[in-house]
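A short write-up of the structure that comes next.
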Amino acid sequence: MKKTNNVREVALETLLTIEKNQAYSHLLLNSMIKKNNVKEIDIPLLTEMVYGTLQRKDTIDFYLAPFLKNAKKTEQWVMNLLRLSVYQMVYLDRVPERAVLFEAVEIAKSRGHKGIASFVNGILRSLQREGVPSFDSIKDDAKRIAVETSHPLWLVQRWISQLGTCETRKMCEANITAPSVTARVNQMKQSPEELMDMLKRKGIQTEKGDLTEDAIKSLKGNLAQTEEFKKGCFTIQDESSMLVARTLGLQKGDSVLDACAAPGGKSTHIAEILENTGSVHSLDLHEHKVKLIKEQAERLHLSNIETEALDSRKAHTRFKNGQFDKILVDAPCSGFGVIRRKPDIKYSKTEEDVGRLSEIQLAILSSVAPLLKKDGTLIYSTCTIDHEENGQVVQAFLEKHSDYELDHSLIDRLPQPAKPFAADGQLQILPHYFGTDGFYIASLRKKV
Ligand SMILES: C[S@@+](CC[C@H](N)C(=O)[O-])C[C@H]1O[C@@H](n2cnc3c(N)ncnc32)[C@H](O)[C@@H]1O
């Protein structure tokens, strides 16, 4: 695409590239902003249009369906232009409908021709006149949740079978809300209250987190652009991710293996809790990802992290048996707990992916298992809510490793608000509990 300063054209191009499966939404959006020199003032609208349209894609298609039923096959870019326009018309009060229609017709003219412009104009005007169709015609629960909250039907059916209809609906509804921005306070430098004061003096408003003692939530202002961020006073991280390092029960001087560590969110948290004592050995598959961990460690002035590019399924060939006091496997997963932040996940992941991932998860756990000291803690965590990748992987691991058991004292290492969601050494946070990412943690103890 040529460079353009039209924010809706940038939004359209971003949506098209994501749909062709060429990039993840969060990474692509940043590069599109840079490439097109999108003005600072336009970034919130661009972000909202791209994420909003993606988050509600299937619902918008349901809205458009009656108006497109007599149309010939609609080209992919025209379909995305219609979705982008309907998103603004239905969900963005601050954008006047006539501006949406005008922009859509202009883009259709410049990208296509007059005929397409008149087709787009006709569809949008009909929808404006007649209103969107009601969901009442959809009688089946799973289908209705799928359409109303824009999730693939197979995923909704899968979650209903695992969580029940009521929890699934609440979770799917949470997945289409805007995510909050939270920061993990580097308590080696200052307390959360001190940081909140420092930020307040710069016009950034925050409040204490809902779930963990380490968290503050952003209410106004861009945390990532502050001096305090550059100086290592905090790390941008979701609150449920902040639970993980604390569940390891760290003691100063511990030797820790973080088997899937990039970009370093949890490794740096572990290193902070150890207050630069002990050692954190942080592995990830590729050198370019390992570099991200090093950058974070440097920013936070942490000297107790060693990084290495390694497939953790080979960790048993690289380290000695019983070498580590604590091990974290924050495994690669489907990411179904972070759909709110990365809506493309719900359309791109398949049932086969879930099965493939659970095999990798078990292989990583099996490879690191011998490396833990007796009486040591192995934490297995994922940002998914799928049983096949969570409880079932842990169960399969325990069946193969009789020297491990579920560690029921996990609950004692959790902050008060999370305790009701823990049982049998495992914790499952769903996105609607605290407005955080969905997250799973299992604590496994190596028997003495
Ligand atoms: C959930 S992310 C880890 C996030 C990280 N713990 C954090 O808090 O920033 C999973 C990571 O596992 C890595 N990974 C996938 N397969 C791996 C393997 N076989 N060995 C090591 N790392 C792997 C991915 O590259 C990805 O960075």
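By order of appearance in the structure tokens: chains A, B, ..., then residues from 1 within every chain, and ligands from 1 in the order shown.
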
Taking the DSSP secondary structure from the backbone, can you list the residues of range 207-383 of chain A that are strand (DSSP E or B), as a ChimeraX atom specification? /A:207-208,215-220,234-236,255-258,279-284,305-309,324-330,372-382

Tell me, which residues of range 410-446 of chain A carry DSSP helix (DSSP H, G or I), written as a list in words? Leu410, Ile411, Asp412, Arg413, Gln416, Pro417, Ala418, Lys419, Pro420, Phe421, Pro431, His432, Tyr433 and Phe434 of chain A

Name all residues at most 12 Å from Thr206 in chain A (count only C-alpha atoms; drop same-chain ones fewer than 2 positions away) and give them as a CSV table (one decimal) with C-alpha atoms, in the first residue's frame.
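Okay, this is what ended up in part-v8.csv:
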```csv
chain,number,residue,atom,x,y,z
A,180,SER,CA,-6.9,-2.1,30.7
A,181,VAL,CA,-3.3,-1.1,30.8
A,182,THR,CA,-1.5,-2.2,34.0
A,183,ALA,CA,2.0,-1.9,35.3
A,185,VAL,CA,5.9,-1.8,40.0
A,192,PRO,CA,3.4,1.4,44.2
A,193,GLU,CA,2.2,4.5,46.2
A,194,GLU,CA,5.5,6.3,45.5
A,195,LEU,CA,5.3,5.5,41.8
A,196,MET,CA,1.7,6.6,41.6
A,197,ASP,CA,2.8,9.9,43.1
A,198,MET,CA,5.7,10.3,40.7
A,199,LEU,CA,3.4,9.6,37.7
A,200,LYS,CA,0.6,11.9,39.1
A,201,ARG,CA,3.1,14.8,39.0
A,202,LYS,CA,3.5,14.1,35.2
A,203,GLY,CA,-0.3,14.1,34.6
A,204,ILE,CA,-0.6,10.3,34.5
A,208,LYS,CA,-4.0,0.3,42.7
A,209,GLY,CA,-4.6,-3.0,40.8
A,215,ALA,CA,0.0,-3.7,40.2
A,216,ILE,CA,-1.1,-0.2,39.3
A,217,LYS,CA,-3.7,0.5,36.7
A,218,SER,CA,-3.5,3.3,34.2
A,219,LEU,CA,-6.6,5.6,34.1
A,220,LYS,CA,-5.3,8.4,32.0
A,221,GLY,CA,-2.0,8.9,30.1
A,222,ASN,CA,0.4,6.7,28.2
A,223,LEU,CA,2.6,4.7,30.7
```

Given only C-alpha atoms as the counted atoms, nearest of A:Ala271, A:Ala396, A:Ala423, A:Ile429 to Cys383 in chain A: A:Ile429

To check your reading of the model: which residues sit at most 7 Å from ligand 1 when counting only C-alpha atoms and all ligand atoms? Write the answer as a compact mmCIF listing (two decimals) with N, CA and C atoms, in the first residue's frame.
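The result, stored in out_22.txt:
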```txt
# COMPACT_ATOMS: atom_id res chain seq x y z
N SER A 241 -0.74 -12.14 34.89
CA SER A 241 0.64 -12.59 34.67
C SER A 241 1.52 -12.29 35.87
N ALA A 259 11.79 -21.59 31.53
CA ALA A 259 12.01 -22.39 30.32
C ALA A 259 11.46 -21.75 29.04
N CYS A 260 10.50 -20.86 29.15
CA CYS A 260 9.88 -20.20 27.98
C CYS A 260 9.77 -18.73 28.35
N ALA A 261 10.82 -17.99 28.18
CA ALA A 261 10.94 -16.73 28.92
C ALA A 261 10.67 -15.46 28.14
N ALA A 262 10.76 -15.47 26.82
CA ALA A 262 10.63 -14.21 26.06
C ALA A 262 9.17 -13.75 26.05
N PRO A 263 8.94 -12.44 26.11
CA PRO A 263 9.92 -11.34 26.09
C PRO A 263 10.49 -10.98 27.46
N GLY A 264 10.27 -11.79 28.47
CA GLY A 264 10.96 -11.56 29.74
C GLY A 264 10.11 -10.99 30.86
N GLY A 265 8.80 -10.91 30.66
CA GLY A 265 7.92 -10.34 31.69
C GLY A 265 8.06 -11.06 33.03
N LYS A 266 8.06 -12.39 32.99
CA LYS A 266 8.09 -13.12 34.27
C LYS A 266 9.51 -13.30 34.76
N SER A 267 10.48 -13.49 33.85
CA SER A 267 11.89 -13.59 34.28
C SER A 267 12.30 -12.35 35.06
N LEU A 283 15.35 -19.13 29.09
CA LEU A 283 15.48 -19.76 27.77
C LEU A 283 14.34 -19.32 26.86
N ASP A 284 14.61 -19.26 25.59
CA ASP A 284 13.54 -19.18 24.60
C ASP A 284 14.08 -19.72 23.28
N LEU A 285 13.16 -20.00 22.37
CA LEU A 285 13.55 -20.71 21.15
C LEU A 285 14.57 -19.97 20.28
N HIS A 286 14.34 -18.69 20.05
CA HIS A 286 15.13 -17.99 19.03
C HIS A 286 15.94 -16.84 19.62
N LYS A 289 14.28 -13.45 20.05
CA LYS A 289 13.36 -13.34 21.19
C LYS A 289 14.14 -13.22 22.49
N LEU A 310 17.42 -21.66 23.31
CA LEU A 310 17.40 -23.13 23.40
C LEU A 310 15.97 -23.63 23.33
N ASP A 311 15.79 -24.75 22.65
CA ASP A 311 14.49 -25.43 22.68
C ASP A 311 14.40 -26.14 24.02
N SER A 312 13.44 -25.74 24.84
CA SER A 312 13.36 -26.31 26.20
C SER A 312 13.07 -27.80 26.19
N ARG A 313 12.62 -28.32 25.07
CA ARG A 313 12.43 -29.76 25.01
C ARG A 313 13.77 -30.49 25.08
N ASP A 330 6.24 -21.26 31.50
CA ASP A 330 5.13 -20.38 31.07
C ASP A 330 4.96 -20.68 29.58
N ALA A 331 4.20 -21.73 29.32
CA ALA A 331 4.29 -22.43 28.04
C ALA A 331 3.67 -21.68 26.86
N PRO A 332 4.17 -21.98 25.63
CA PRO A 332 3.46 -21.49 24.44
C PRO A 332 2.06 -22.10 24.46
N CYS A 333 1.04 -21.32 24.12
CA CYS A 333 -0.32 -21.83 24.23
C CYS A 333 -1.22 -21.16 23.19
N ILE A 360 3.40 -30.12 22.80
CA ILE A 360 4.63 -29.34 23.07
C ILE A 360 4.73 -29.02 24.56
N ILE A 364 7.83 -30.09 26.99
CA ILE A 364 8.68 -29.13 27.72
C ILE A 364 8.70 -29.50 29.20
N THR A 382 -0.16 -20.89 31.75
CA THR A 382 -0.52 -20.55 30.36
C THR A 382 -1.48 -19.35 30.40
N CYS A 383 -1.55 -18.65 29.26
CA CYS A 383 -2.56 -17.59 29.17
C CYS A 383 -3.74 -18.12 28.34
```

Could you give me, as a tab-separated table, a per-residue list for range 45-140 of chain A showing, wherever an atom lies at most 10 Å from an atom of range 26-31 of chain A, the closest pair of atoms and their distance in Å to one decimal, using only C-alpha atoms and sorting by chain then residue number from low to high?
```
residue	atom	partner	partner_atom	distance
A:Leu46	CA	A:Leu29	CA	8.7
A:Thr47	CA	A:Leu29	CA	7.5
A:Val50	CA	A:Leu29	CA	8.3
A:Tyr51	CA	A:His26	CA	9.0
```
